[in-house]
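First comes the structure, then the notes that go with it.
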Amino acid sequence: MFFALLAASVVFLAAALYFFLTTVSPENRIIRELDKIIDILELDTYGIDGKTLFIVILFALAVISIRFIYVQFYQGFFILAVLLYLTYEFSKSIMNLRTRKIEKQYIDFLNLYSNFFNTFNNCPDALRETSKYLRRPLKNIISKNVLAYERSLKSFDEILTSLEEEIDSLEFKKFFHFTKMYSKYGGNYNEMLNKLKEQALKNRQLKEEQDVNKKTAYLVLGIVILISFVAYLGLSPHDIYILTHTPAGIAVLVYNFFSYIFAVAILKSI
């Protein structure tokens with residue numbers, strides 16, 4: 001009876017999700033974010049899109065949560081909450097990886113774009129040719145928007161706005177903003193590109209110094225946590241009982257746990 005009920009619940013939820021998601025527009029924010037994850041993981045080569053990934057995630061969560069909720073109600077909700085949090089952290093990590101991959105190409109992008117702009121004296125052509133020498137995900141983002149311009153689906157101003165919104169990098173946003181201003185009002189574009197290059201080189205040097213400091217801080221924190229775990233492993237059964245069964249011991253454990261969480265949060269914000 002239990003397995004029949006479980007199977008029926010899963011099938012019902014899967015069908016409901018499928019019919020719901022068939023009405024979801026590709027412009028939906030969740031689908032757009034999942035498309036970015038697919039791009040960075042290169043899952044589109046297997047025919048997977050954002051909507052498909054959304055269905056898979058929700059279906060998997062439904063199966064796991066229903067299974068545990070039927071077995072043990074409170075444990076099921078706890079596991080579901082943990083899975084949702086881990087899914088959120090994983091997607092956030094993938095998005096951060098996407099941003100880092102894009103930002104690493106900024107200086108190369110500027111150099112290539114400047115050369116092609118001096119060759120063609122034309123922003124759309126320079127952007128199209130530059131995209132051919134970039135790596136994913138930046139290559140795909142620019143190529144897709146340039147293709148929309150060439151097919152007259154969007155004006156050049158519209159694809160610059162789209163690129164500003166789609167690329168999560170302040171430096172790239174600045175470039176697209178200035179290019180939009182140049183395409184409207186003209187001006188000394190080469191001088192502006194040179195200034196962006198100079199600023200990008202300074203920012204990269206500063207970022208490399210910050211990364212070294214951050215890695216050192218993570219190393220020190222990791223050693224401290226490792227020493228703490230080794231110390232806990234060396235405790236006697238009596239000491240462990242005091243830590244886990246007395247208010248003072250539990251307070252010490254909670255204090256240490258949140259201290260590490262707080263330290264990691266501070267490091268991530270640097």
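Ligands are numbered from 1 in the order shown, chains are lettered A, B, ... in the order of the structure tokens, and residues start at 1 in each chain.
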message: So that I can see what lies close to region 94-109 of chain A, please list as a list of chain:residue names the residues with an atom at most 6 Å from it, counting only C-alpha atoms and leaving out residues fewer than 3 positions away in the same chain.
response: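 That gives A:Ser91, A:Leu112, A:Tyr113, A:Leu138, A:Asp168.
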field: Coordinates-based distance that separates CA of Glu164 (chain A) from CA of Phe176 (chain A) (Å, one decimal)
entry: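 One can read the CA of Phe176 (chain A) to CA of Glu164 (chain A) distance as 6.2 Å.
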statement: re CA of Phe156 (chain A) and CA of Ser183 (chain A): distance 8.5 Å
message: Between CA of Leu160 (chain A) and CA of Leu196 (chain A), what is the distance in Å, rounded to a tenth?
response: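 Distance between the two atoms: 16.9 Å.
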- prompt: Leu193 (chain A): which residues within 8 Å, counting only C-alpha atoms, same-chain residues fewer than 3 positions away excluded, as a list in words?
  reply: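 Skipping anything fewer than 3 positions along the chain leaves Leu110, Ser114, Tyr189, Asn190, Leu196 and Lys197 of chain A.
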- prompt: So which residues touch Lys144 (chain A) within 12 Å, counting only C-alpha atoms, skipping near sequence neighbours fewer than 5 positions away, as JSON, numbers by chain?
  reply: {"A": [127, 128, 131, 132, 136, 137, 138, 139, 149, 150, 151, 153, 154, 159, 160, 162, 163, 166]}
